[in-house]
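To be precise, the following lines are coords23.tsv, and they hold TSV, C-alpha atoms.
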chain	number	residue	atom	x	y	z
A	1	MET	CA	14.50	-8.36	8.59
A	2	SER	CA	14.73	-5.22	6.50
A	3	TYR	CA	17.97	-3.50	5.60
A	4	ASN	CA	17.29	-0.65	7.96
A	5	GLU	CA	16.57	-2.96	10.83
A	6	THR	CA	19.77	-4.85	10.19
A	7	LYS	CA	21.72	-1.58	10.06
A	8	ASP	CA	20.24	-0.36	13.35
A	9	ARG	CA	21.04	-3.63	15.02
A	10	ASN	CA	24.66	-3.48	13.90
A	11	GLU	CA	25.00	0.09	15.14
A	12	THR	CA	23.60	-0.94	18.52
A	13	MET	CA	26.03	-3.84	18.75
A	14	LYS	CA	28.92	-1.50	17.96
A	15	LEU	CA	27.85	0.92	20.67
A	16	VAL	CA	27.57	-1.88	23.21
A	17	CYS	CA	31.04	-3.13	22.32
A	18	ILE	CA	32.52	0.36	22.61
A	19	LEU	CA	30.88	0.92	25.98
A	20	SER	CA	32.01	-2.47	27.20
A	21	LEU	CA	35.54	-1.70	26.08
A	22	LEU	CA	35.46	1.66	27.88
A	23	VAL	CA	34.24	-0.02	31.05
A	24	LEU	CA	37.03	-2.57	30.77
A	25	VAL	CA	39.64	0.18	30.22
A	26	LEU	CA	38.34	2.13	33.23
A	27	LEU	CA	38.40	-1.01	35.35
A	28	VAL	CA	42.01	-1.78	34.36
A	29	LEU	CA	43.02	1.85	34.99
A	30	SER	CA	41.38	1.80	38.41
A	31	LEU	CA	43.18	-1.35	39.37
A	32	TYR	CA	46.48	0.18	38.22
A	33	LEU	CA	45.92	3.34	40.22
A	34	MET	CA	44.96	1.39	43.32
A	35	ASN	CA	48.17	-0.62	43.11
A	36	ASN	CA	50.59	2.15	42.14
A	37	LEU	CA	49.45	5.40	43.73
A	38	GLU	CA	49.91	6.37	47.41
A	39	TYR	CA	46.91	7.85	49.09
A	40	PRO	CA	47.10	9.93	52.28
A	41	THR	CA	46.01	7.90	55.30
A	42	ALA	CA	44.53	9.12	58.56
A	43	ASN	CA	47.07	9.54	61.39
A	44	THR	CA	46.04	6.87	63.84
A	45	GLU	CA	48.96	7.48	66.25
A	46	PRO	CA	47.85	9.16	69.49
A	47	LYS	CA	48.83	12.81	69.83
A	48	THR	CA	51.66	13.40	72.34
A	49	GLN	CA	50.25	14.87	75.54
A	50	TYR	CA	52.09	16.92	78.13
A	51	MET	CA	51.58	17.83	81.76
A	52	GLU	CA	53.26	20.64	83.67
A	53	LEU	CA	55.88	19.19	85.99
A	54	PRO	CA	56.12	20.80	89.46
A	55	THR	CA	59.45	22.18	90.65
A	56	LEU	CA	61.18	19.25	92.34
A	57	GLU	CA	64.82	20.35	92.53
A	58	ASN	CA	66.09	20.75	96.12
A	59	MET	CA	62.89	19.18	97.46
A	60	SER	CA	63.17	16.32	99.92
A	61	LEU	CA	63.18	13.02	98.08
A	62	SER	CA	60.16	11.78	100.05
A	63	GLY	CA	58.28	14.99	99.24
A	64	ALA	CA	59.07	14.69	95.53
A	65	LYS	CA	57.86	11.10	95.51
A	66	GLN	CA	54.59	12.13	97.16
A	67	VAL	CA	54.05	14.86	94.56
A	68	LEU	CA	54.67	12.49	91.66
A	69	ASP	CA	52.53	9.74	93.18
A	70	ALA	CA	49.65	12.20	93.55
A	71	LEU	CA	49.99	13.14	89.86
A	72	ASP	CA	50.28	9.46	88.85
A	73	ILE	CA	53.69	10.10	87.30
A	74	SER	CA	56.13	7.22	87.34
A	75	TYR	CA	59.67	7.94	88.54
A	76	GLU	CA	63.05	6.34	89.07
A	77	VAL	CA	65.64	7.37	91.67
A	78	ILE	CA	69.13	7.65	90.22
A	79	PRO	CA	71.78	7.32	92.98
A	80	THR	CA	74.37	10.10	93.36
A	81	GLN	CA	77.39	10.62	95.58
A	82	SER	CA	76.20	13.90	97.12
A	83	ARG	CA	77.03	14.57	100.78
A	84	VAL	CA	73.50	16.00	101.09
A	85	ALA	CA	71.16	13.08	101.65
A	86	ASN	CA	67.60	12.47	100.48
A	87	ARG	CA	67.26	15.67	98.51
A	88	VAL	CA	66.52	15.93	94.78
A	89	GLU	CA	69.61	17.44	93.15
A	90	LYS	CA	68.22	17.50	89.63
A	91	ILE	CA	65.54	15.89	87.50
A	92	GLU	CA	65.54	14.43	84.02
A	93	TYR	CA	62.40	13.94	81.98
A	94	LEU	CA	61.10	13.53	78.44
A	95	GLY	CA	59.23	16.63	77.42
A	96	LYS	CA	59.89	20.27	76.67
A	97	ASP	CA	60.20	23.69	78.23
A	98	GLU	CA	57.59	26.22	77.27
A	99	ASP	CA	57.17	29.72	78.68
A	100	GLY	CA	59.44	28.82	81.57
A	101	LYS	CA	57.41	25.73	82.44
A	102	LYS	CA	58.64	22.15	82.42
A	103	LEU	CA	56.20	20.08	80.35
A	104	TYR	CA	56.49	16.38	81.04
A	105	GLU	CA	55.47	13.88	78.35
A	106	ILE	CA	52.66	11.80	79.84
A	107	GLY	CA	53.46	8.12	80.07
A	108	THR	CA	57.21	8.48	80.45
A	109	THR	CA	59.38	8.14	83.55
A	110	VAL	CA	60.87	11.06	85.48
A	111	LYS	CA	64.37	10.49	86.83
A	112	LEU	CA	65.16	11.90	90.27
A	113	TYR	CA	68.86	12.28	91.03
A	114	ALA	CA	69.43	11.94	94.78
A	115	ASN	CA	71.53	10.23	97.42
A	116	GLU	CA	68.91	8.09	99.16
A	117	ILE	CA	70.10	7.32	102.69
A	118	GLY	CA	68.41	5.82	105.74
A	119	ALA	CA	67.47	8.27	108.52
A	120	ASP	CA	69.98	6.70	110.92
A	121	LYS	CA	72.80	7.92	108.68
A	122	VAL	CA	71.68	11.55	108.26
A	123	ILE	CA	73.01	14.31	110.51
A	124	TYR	CA	71.50	17.78	110.64
A	125	LEU	CA	74.20	20.39	111.24
A	126	THR	CA	72.81	23.47	113.00
A	127	PHE	CA	74.51	26.74	113.93
A	128	HIS	CA	73.36	29.38	116.43
A	129	ASP	CA	73.68	33.13	116.82
A	130	GLY	CA	74.96	34.25	113.41
A	131	PRO	CA	75.66	35.83	111.12
A	132	MET	CA	78.93	36.81	112.73
A	133	VAL	CA	81.72	39.34	112.28
A	134	ARG	CA	84.43	39.60	114.93
A	135	TYR	CA	86.86	42.48	115.35
A	136	ASN	CA	90.21	42.97	117.03
A	137	LEU	CA	90.71	45.96	119.31
A	138	ASP	CA	92.07	47.92	116.36
A	139	MET	CA	88.83	47.11	114.48
A	140	THR	CA	90.47	44.72	112.04
A	141	VAL	CA	88.29	41.71	111.27
A	142	TYR	CA	89.45	38.33	112.58
A	143	TYR	CA	86.40	36.18	111.88
A	144	THR	CA	83.26	36.22	109.74
A	145	THR	CA	80.52	33.77	108.80
A	146	GLU	CA	82.23	33.57	105.40
A	147	GLU	CA	84.90	31.31	106.89
A	148	LEU	CA	82.26	28.88	108.15
A	149	LEU	CA	80.54	28.89	104.75
A	150	ASP	CA	83.85	28.18	103.03
A	151	VAL	CA	84.29	25.00	105.09
A	152	LEU	CA	80.76	23.82	104.29
A	153	ASP	CA	81.32	24.57	100.59
A	154	GLU	CA	84.57	22.62	100.60
A	155	TYR	CA	82.78	19.53	101.93
A	156	GLY	CA	79.66	20.03	99.81
A	157	VAL	CA	77.27	19.93	102.76
A	158	LYS	CA	74.28	22.05	103.78
A	159	ALA	CA	73.36	23.26	107.26
A	160	THR	CA	70.61	25.04	109.14
A	161	PHE	CA	71.42	28.49	110.50
A	162	PHE	CA	69.36	29.68	113.47
A	163	LEU	CA	69.98	33.39	113.07
A	164	ALA	CA	69.66	36.00	115.79
A	165	GLY	CA	67.72	38.94	114.41
A	166	TYR	CA	69.74	41.63	116.17
A	167	GLN	CA	72.89	40.18	114.53
A	168	MET	CA	71.58	39.83	111.02
A	169	VAL	CA	70.37	43.45	110.74
A	170	LYS	CA	73.83	44.89	111.37
A	171	SER	CA	75.26	46.57	108.30
A	172	ASP	CA	78.45	44.51	108.29
A	173	ARG	CA	76.69	41.15	108.24
A	174	SER	CA	73.21	41.39	106.70
A	175	HIS	CA	74.67	40.40	103.31
A	176	PHE	CA	75.49	36.97	104.75
A	177	VAL	CA	71.76	36.26	105.02
A	178	ASN	CA	71.39	36.40	101.24
A	179	GLU	CA	74.56	34.35	100.84
A	180	LEU	CA	73.13	31.63	103.07
A	181	TYR	CA	70.00	31.58	100.94
A	182	GLU	CA	71.87	31.46	97.63
A	183	LYS	CA	74.13	28.63	98.81
A	184	GLY	CA	71.13	26.44	99.71
A	185	HIS	CA	71.45	26.52	103.50
A	186	LEU	CA	68.30	26.77	105.59
A	187	ILE	CA	67.62	30.07	107.35
A	188	ALA	CA	65.74	29.64	110.62
A	189	CYS	CA	64.70	31.78	113.59
A	190	HIS	CA	66.57	31.99	116.90
A	191	SER	CA	64.47	34.97	118.06
A	192	TYR	CA	65.25	38.61	117.34
A	193	SER	CA	66.66	39.76	120.68
A	194	HIS	CA	67.96	36.49	122.20
A	195	ASP	CA	67.03	38.14	125.49
A	196	PHE	CA	65.72	35.46	127.85
A	197	GLY	CA	64.18	38.00	130.22
A	198	LYS	CA	62.27	39.61	127.40
A	199	ILE	CA	61.09	36.72	125.28
A	200	TYR	CA	60.16	34.37	128.11
A	201	ASP	CA	58.16	36.91	130.07
A	202	SER	CA	55.00	35.79	128.26
A	203	THR	CA	53.96	33.99	125.09
A	204	ASN	CA	52.78	37.33	123.70
A	205	ASP	CA	56.25	38.81	124.21
A	206	PHE	CA	57.77	35.75	122.59
A	207	ILE	CA	55.52	36.02	119.53
A	208	ALA	CA	56.19	39.77	119.26
A	209	ASP	CA	59.94	39.14	119.28
A	210	VAL	CA	59.59	36.49	116.54
A	211	LYS	CA	57.46	38.87	114.46
A	212	GLU	CA	60.28	41.41	114.70
A	213	PHE	CA	62.64	38.72	113.40
A	214	GLU	CA	60.29	37.97	110.50
A	215	SER	CA	60.04	41.63	109.50
A	216	ALA	CA	63.83	42.01	109.54
A	217	LEU	CA	64.38	38.83	107.54
A	218	GLU	CA	61.85	39.82	104.87
A	219	ASN	CA	63.45	43.24	104.62
A	220	ILE	CA	66.87	41.67	104.00
A	221	LEU	CA	65.84	38.86	101.64
A	222	GLY	CA	62.99	40.55	99.83
A	223	LYS	CA	59.43	39.24	99.68
A	224	GLU	CA	59.97	36.56	97.01
A	225	LYS	CA	62.89	34.85	98.75
A	226	TYR	CA	61.31	35.27	102.16
A	227	ASN	CA	58.07	33.62	101.03
A	228	SER	CA	59.99	30.70	99.52
A	229	ILE	CA	61.34	29.46	102.85
A	230	GLY	CA	59.36	27.79	105.60
A	231	LYS	CA	59.18	28.72	109.26
A	232	TYR	CA	61.60	26.93	111.57
A	233	ILE	CA	62.62	27.98	115.06
A	234	ARG	CA	64.89	26.98	117.91
A	235	PHE	CA	64.17	28.59	121.25
A	236	PRO	CA	67.16	30.38	122.80
A	237	GLY	CA	68.29	27.85	125.40
A	238	GLY	CA	65.98	25.19	123.92
A	239	THR	CA	62.39	24.34	124.76
A	240	ASN	CA	63.50	23.42	128.28
A	241	SER	CA	65.35	26.69	128.61
A	242	ASN	CA	67.77	26.36	131.53
A	243	GLY	CA	64.93	26.50	134.03
A	244	VAL	CA	63.52	29.72	132.52
A	245	ILE	CA	60.68	27.78	130.93
A	246	SER	CA	59.99	24.07	131.31
A	247	GLY	CA	57.20	21.55	131.62
A	248	ASP	CA	53.70	22.85	130.92
A	249	GLU	CA	55.02	26.37	130.37
A	250	SER	CA	57.31	25.12	127.59
A	251	LEU	CA	54.34	23.47	125.91
A	252	GLU	CA	52.47	26.78	126.05
A	253	TYR	CA	55.27	28.47	124.15
A	254	ILE	CA	55.57	25.60	121.69
A	255	ASN	CA	51.84	25.62	120.93
A	256	ALA	CA	51.83	29.40	120.63
A	257	ILE	CA	54.61	29.50	118.06
A	258	ARG	CA	53.19	26.53	116.17
A	259	GLY	CA	50.04	28.61	115.87
A	260	GLU	CA	52.16	31.06	113.88
A	261	GLY	CA	53.12	28.31	111.43
A	262	TYR	CA	56.51	27.35	112.90
A	263	LYS	CA	58.15	23.98	113.33
A	264	VAL	CA	60.16	23.72	116.56
A	265	TYR	CA	63.54	21.99	116.82
A	266	ASP	CA	65.84	21.24	119.73
A	267	TRP	CA	69.02	19.15	119.33
A	268	THR	CA	70.07	15.62	120.18
A	269	PHE	CA	73.82	16.13	120.61
A	270	LEU	CA	76.26	19.04	120.67
A	271	THR	CA	79.91	20.10	120.68
A	272	ASN	CA	79.69	22.18	123.90
A	273	ASP	CA	81.40	24.99	121.99
A	274	ALA	CA	79.54	27.55	124.13
A	275	ASP	CA	79.96	25.83	127.50
A	276	ASP	CA	83.27	25.09	129.21
A	277	HIS	CA	81.62	23.35	132.15
A	278	TYR	CA	82.68	19.88	130.96
A	279	ARG	CA	86.11	20.81	129.60
A	280	LEU	CA	89.01	18.87	131.11
A	281	ALA	CA	91.99	20.74	132.46
A	282	GLY	CA	94.27	21.78	129.62
A	283	GLU	CA	91.95	20.32	126.97
A	284	SER	CA	92.17	22.10	123.60
A	285	ASP	CA	89.13	23.32	121.69
A	286	LYS	CA	89.59	20.54	119.15
A	287	ASP	CA	89.83	17.78	121.76
A	288	TYR	CA	86.95	19.19	123.81
A	289	PHE	CA	84.57	19.74	120.89
A	290	MET	CA	85.40	16.38	119.32
A	291	ARG	CA	85.00	14.49	122.60
A	292	SER	CA	81.68	16.19	123.33
A	293	MET	CA	80.41	15.51	119.83
A	294	LYS	CA	81.45	11.85	119.79
A	295	ASN	CA	79.99	11.13	123.23
A	296	GLY	CA	76.77	12.89	122.34
A	297	LEU	CA	76.45	11.04	119.05
A	298	GLU	CA	76.89	7.69	120.76
A	299	GLY	CA	74.18	8.61	123.23
A	300	ALA	CA	71.79	9.77	120.52
A	301	LYS	CA	72.15	6.76	118.22
A	302	GLY	CA	69.55	4.04	118.38
A	303	LYS	CA	66.95	6.15	120.20
A	304	ASN	CA	64.70	6.68	117.17
A	305	LYS	CA	65.44	10.40	117.22
A	306	PRO	CA	66.88	12.59	114.46
A	307	LEU	CA	70.60	13.25	114.78
A	308	ILE	CA	70.66	17.04	115.21
A	309	LEU	CA	74.05	18.55	116.06
A	310	LEU	CA	74.21	21.94	117.83
A	311	MET	CA	77.13	24.27	117.13
A	312	HIS	CA	77.75	28.02	117.08
A	313	ASP	CA	78.86	30.42	114.38
A	314	LYS	CA	82.24	31.30	115.87
A	315	MET	CA	85.90	31.03	114.92
A	316	GLU	CA	86.75	28.33	117.49
A	317	MET	CA	84.01	26.10	116.11
A	318	THR	CA	84.82	26.82	112.47
A	319	ASP	CA	88.48	25.90	113.07
A	320	VAL	CA	87.46	22.45	114.33
A	321	LEU	CA	84.62	21.88	111.86
A	322	PRO	CA	86.81	20.12	109.22
A	323	ASP	CA	87.87	17.56	111.85
A	324	ILE	CA	84.22	17.00	112.83
A	325	LEU	CA	83.13	16.56	109.22
A	326	ASP	CA	86.04	14.24	108.43
A	327	TYR	CA	85.10	12.07	111.41
A	328	LEU	CA	81.38	11.95	110.59
A	329	ILE	CA	82.00	11.23	106.92
A	330	GLY	CA	84.46	8.50	107.89
A	331	GLU	CA	81.70	6.97	110.03
A	332	GLY	CA	79.40	6.87	106.99
A	333	TYR	CA	77.19	9.86	107.77
A	334	TYR	CA	75.57	12.29	105.34
A	335	PHE	CA	73.98	15.68	105.95
A	336	ASP	CA	70.85	17.69	105.30
A	337	THR	CA	68.89	20.69	106.55
A	338	LEU	CA	66.02	20.60	109.03
A	339	GLU	CA	63.36	21.24	106.42
A	340	ASN	CA	63.73	17.54	105.63
A	341	CYS	CA	63.70	16.45	109.29
A	342	PRO	CA	60.72	15.53	111.48
A	343	GLU	CA	59.95	18.15	114.12
A	344	TYR	CA	61.74	17.39	117.39
A	345	THR	CA	61.62	18.99	120.86
A	346	THR	CA	62.78	17.78	124.27
A	347	ALA	CA	59.72	19.31	125.97
A	348	GLU	CA	57.34	16.68	124.58
Would you kindly transcribe this structure into structure tokens?
Amino acid sequence: MSYNETKDRNETMKLVCILSLLVLVLLVLSLYLMNNLEYPTANTEPKTQYMELPTLENMSLSGAKQVLDALDISYEVIPTQSRVANRVEKIEYLGKDEDGKKLYEIGTTVKLYANEIGADKVIYLTFHDGPMVRYNLDMTVYYTTEELLDVLDEYGVKATFFLAGYQMVKSDRSHFVNELYEKGHLIACHSYSHDFGKIYDSTNDFIADVKEFESALENILGKEKYNSIGKYIRFPGGTNSNGVISGDESLEYINAIRGEGYKVYDWTFLTNDADDHYRLAGESDKDYFMRSMKNGLEGAKGKNKPLILLMHDKMEMTDVLPDILDYLIGEGYYFDTLENCPEYTTAE
């Protein structure tokens, strides 16, 4: 082998060694980097998803459950001590509020705070003929609906008020209609005129009178509030109205008003605060109203009917109302409004 050939061979060997060394260095460096440097990794956690949660506060507990079941949202009922039974007082959920909307985090549990009570322990307090203001002969006020509302507030209960339209439009009492709404009581129709001869002349006259009530109520409450409440009615005198309408004729009126979107409610017991026919000689208002109420309640229990108590917006009734509530609470009863009660009439 010539000198030049030997020299070329040595140069080639050097180059191979250098390249091999570089490869080894790069390999070692790569291994070091792999073991000592943090690389960003793909986020494999699922993105949190939200769903708009319907308004459930003040809804009947059964209604809220149906809504959540339909949306496949799990829920838990948290017991409370409220005197108002089976109504959602508040909700608690994992999520966020955005643009005034409640956004529920999908896959979590919504908590419904309510006092869940069996139907046999719920009484529906109902009052006729308000709102009311009463004057002495010198025009000083001796009674208003405010006094009745104060008693209900004190006991933390809600009631249904079957208002008479001609009463609620008077300038000294229309403000009570908004107060009833704001306090969470149910506003219902007891006709506009409360004139038996007028409203029971024909179903058309009856509907016209109710339409007058609706117009007056919307004018007082405003469209938004008016549209937020349902349609509930109690016929003056009831669906079997003291012989004015009864039997098939009652059913005609019931079907006619149901056609206007109303639910119809009679009562299952009462205080007789507007009827002295059964009062014993010398019996006080308190004794008479309490006796009537207790006897009526005993007769209504166990008949698979809602316990709907009829009273009137008047001073004599309001004065006795604390005694009635104390008795009913002592017997283990709770209260609610008729929007959470099955429709009930004596005519069917």
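For the pair CA of Asp285 (chain A) and CA of Phe161 (chain A), the interatomic distance is 21.6 Å.
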Have a look at A:Leu325, A:Ile123, A:Ala281, A:Ala347 and name the one nearest to Asp153 (chain A); count only C-alpha atoms. A:Leu325
Residue contacts of Leu297 (chain A) (12 Å, all atoms listed in the file) excluding same-chain residues fewer than 2 positions away, as an MDAnalysis selection string: chainID A and resid 120:124 267:271 290:295 299:303 305:310 324 327:328 331 333
Each region 169-286 of chain A residue no farther than 12 Å from region 49-63 of chain A, nearest pair in Å, all atoms listed in the file, as a tab-separated table:
residue	atom	partner	partner_atom	distance
A:Lys183	CA	A:Asn58	CA	11.6
A:Gly184	CA	A:Asn58	CA	8.4
A:His185	CA	A:Asn58	CA	10.8
A:Leu186	CA	A:Asn58	CA	11.4
A:Ile229	CA	A:Met59	CA	11.7
As JSON, please report the centre and edge lengths, rounded to one decimal in Å, of the axis-aligned box that holds all listed atoms of region 341-347 of chain A with 8 Å of padding on each of the six sides.
{"center_x": 61.7, "center_y": 17.4, "center_z": 117.6, "size_x": 20.0, "size_y": 19.8, "size_z": 32.7}
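In this model, the gap between CA of Val133 (chain A) and CA of Ile220 (chain A) comes to 17.2 Å.
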Go through A:Asn242, A:Thr318, A:Thr48, A:Thr140 one by one, measure the shortest atom-to-atom distance of each to Phe289 (chain A) using only C-alpha atoms, and give the residue with the smallest value.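 Smallest distance to Phe289 (chain A) is found for A:Thr318.
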Closest atom pairs, residues of region 80-199 of chain A within 8 Å of region 208-212 of chain A, only C-alpha atoms, as CSV:
residue,atom,partner,partner_atom,distance
A:Gly165,CA,A:Glu212,CA,7.8
A:Cys189,CA,A:Val210,CA,7.5
A:Ser191,CA,A:Val210,CA,5.3
A:Tyr192,CA,A:Asp209,CA,5.7
A:Ser193,CA,A:Asp209,CA,6.9
A:Ile199,CA,A:Asp209,CA,6.6
At a cut-off of 12 Å from (83.2, 33.4, 104.4) in the coordinates of the file, what residues are picked up using only C-alpha atoms, written as an MDAnalysis selection string? chainID A and resid 131:133 141:154 173 175:177 179:180 183 313:315 318
Just give me the residues with any atom within 12 Å of (65.5, 14.7, 95.6), file coordinates, counting only C-alpha atoms, written as a PyMOL selection string. chain A and resi 55-68+75-80+82+84-92+110-117+336+340
File dump, residues just selected, C-alpha atoms, as an mmCIF file, in the frame of the given file:
data_model
loop_
_atom_site.group_PDB
_atom_site.id
_atom_site.type_symbol
_atom_site.label_atom_id
_atom_site.label_comp_id
_atom_site.auth_asym_id
_atom_site.auth_seq_id
_atom_site.Cartn_x
_atom_site.Cartn_y
_atom_site.Cartn_z
ATOM 1 C CA THR A 55 59.450 22.180 90.650
ATOM 2 C CA LEU A 56 61.180 19.250 92.340
ATOM 3 C CA GLU A 57 64.820 20.350 92.530
ATOM 4 C CA ASN A 58 66.090 20.750 96.120
ATOM 5 C CA MET A 59 62.890 19.180 97.460
ATOM 6 C CA SER A 60 63.170 16.320 99.920
ATOM 7 C CA LEU A 61 63.180 13.020 98.080
ATOM 8 C CA SER A 62 60.160 11.780 100.050
ATOM 9 C CA GLY A 63 58.280 14.990 99.240
ATOM 10 C CA ALA A 64 59.070 14.690 95.530
ATOM 11 C CA LYS A 65 57.860 11.100 95.510
ATOM 12 C CA GLN A 66 54.590 12.130 97.160
ATOM 13 C CA VAL A 67 54.050 14.860 94.560
ATOM 14 C CA LEU A 68 54.670 12.490 91.660
ATOM 15 C CA TYR A 75 59.670 7.940 88.540
ATOM 16 C CA GLU A 76 63.050 6.340 89.070
ATOM 17 C CA VAL A 77 65.640 7.370 91.670
ATOM 18 C CA ILE A 78 69.130 7.650 90.220
ATOM 19 C CA PRO A 79 71.780 7.320 92.980
ATOM 20 C CA THR A 80 74.370 10.100 93.360
ATOM 21 C CA SER A 82 76.200 13.900 97.120
ATOM 22 C CA VAL A 84 73.500 16.000 101.090
ATOM 23 C CA ALA A 85 71.160 13.080 101.650
ATOM 24 C CA ASN A 86 67.600 12.470 100.480
ATOM 25 C CA ARG A 87 67.260 15.670 98.510
ATOM 26 C CA VAL A 88 66.520 15.930 94.780
ATOM 27 C CA GLU A 89 69.610 17.440 93.150
ATOM 28 C CA LYS A 90 68.220 17.500 89.630
ATOM 29 C CA ILE A 91 65.540 15.890 87.500
ATOM 30 C CA GLU A 92 65.540 14.430 84.020
ATOM 31 C CA VAL A 110 60.870 11.060 85.480
ATOM 32 C CA LYS A 111 64.370 10.490 86.830
ATOM 33 C CA LEU A 112 65.160 11.900 90.270
ATOM 34 C CA TYR A 113 68.860 12.280 91.030
ATOM 35 C CA ALA A 114 69.430 11.940 94.780
ATOM 36 C CA ASN A 115 71.530 10.230 97.420
ATOM 37 C CA GLU A 116 68.910 8.090 99.160
ATOM 38 C CA ILE A 117 70.100 7.320 102.690
ATOM 39 C CA ASP A 336 70.850 17.690 105.300
ATOM 40 C CA ASN A 340 63.730 17.540 105.630
#
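Counting from CA of His194 (chain A), the distance to CA of Phe235 (chain A) is 8.8 Å.
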Nearest to Cys341 (chain A) among A:Pro322, A:Asn227, A:Ser241, A:Ala159, with distances taken over all atoms listed in the file: which residue is it?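 Of A:Pro322, A:Asn227, A:Ser241, A:Ala159, the one nearest Cys341 (chain A) is A:Ala159, counting all atoms listed in the file.
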For each of A:Gln167, A:Asn240, A:Asn178, A:Thr108, take the minimum atom-to-atom distance to Tyr200 (chain A), counting only C-alpha atoms, then give the residue where this is smallest. A:Asn240
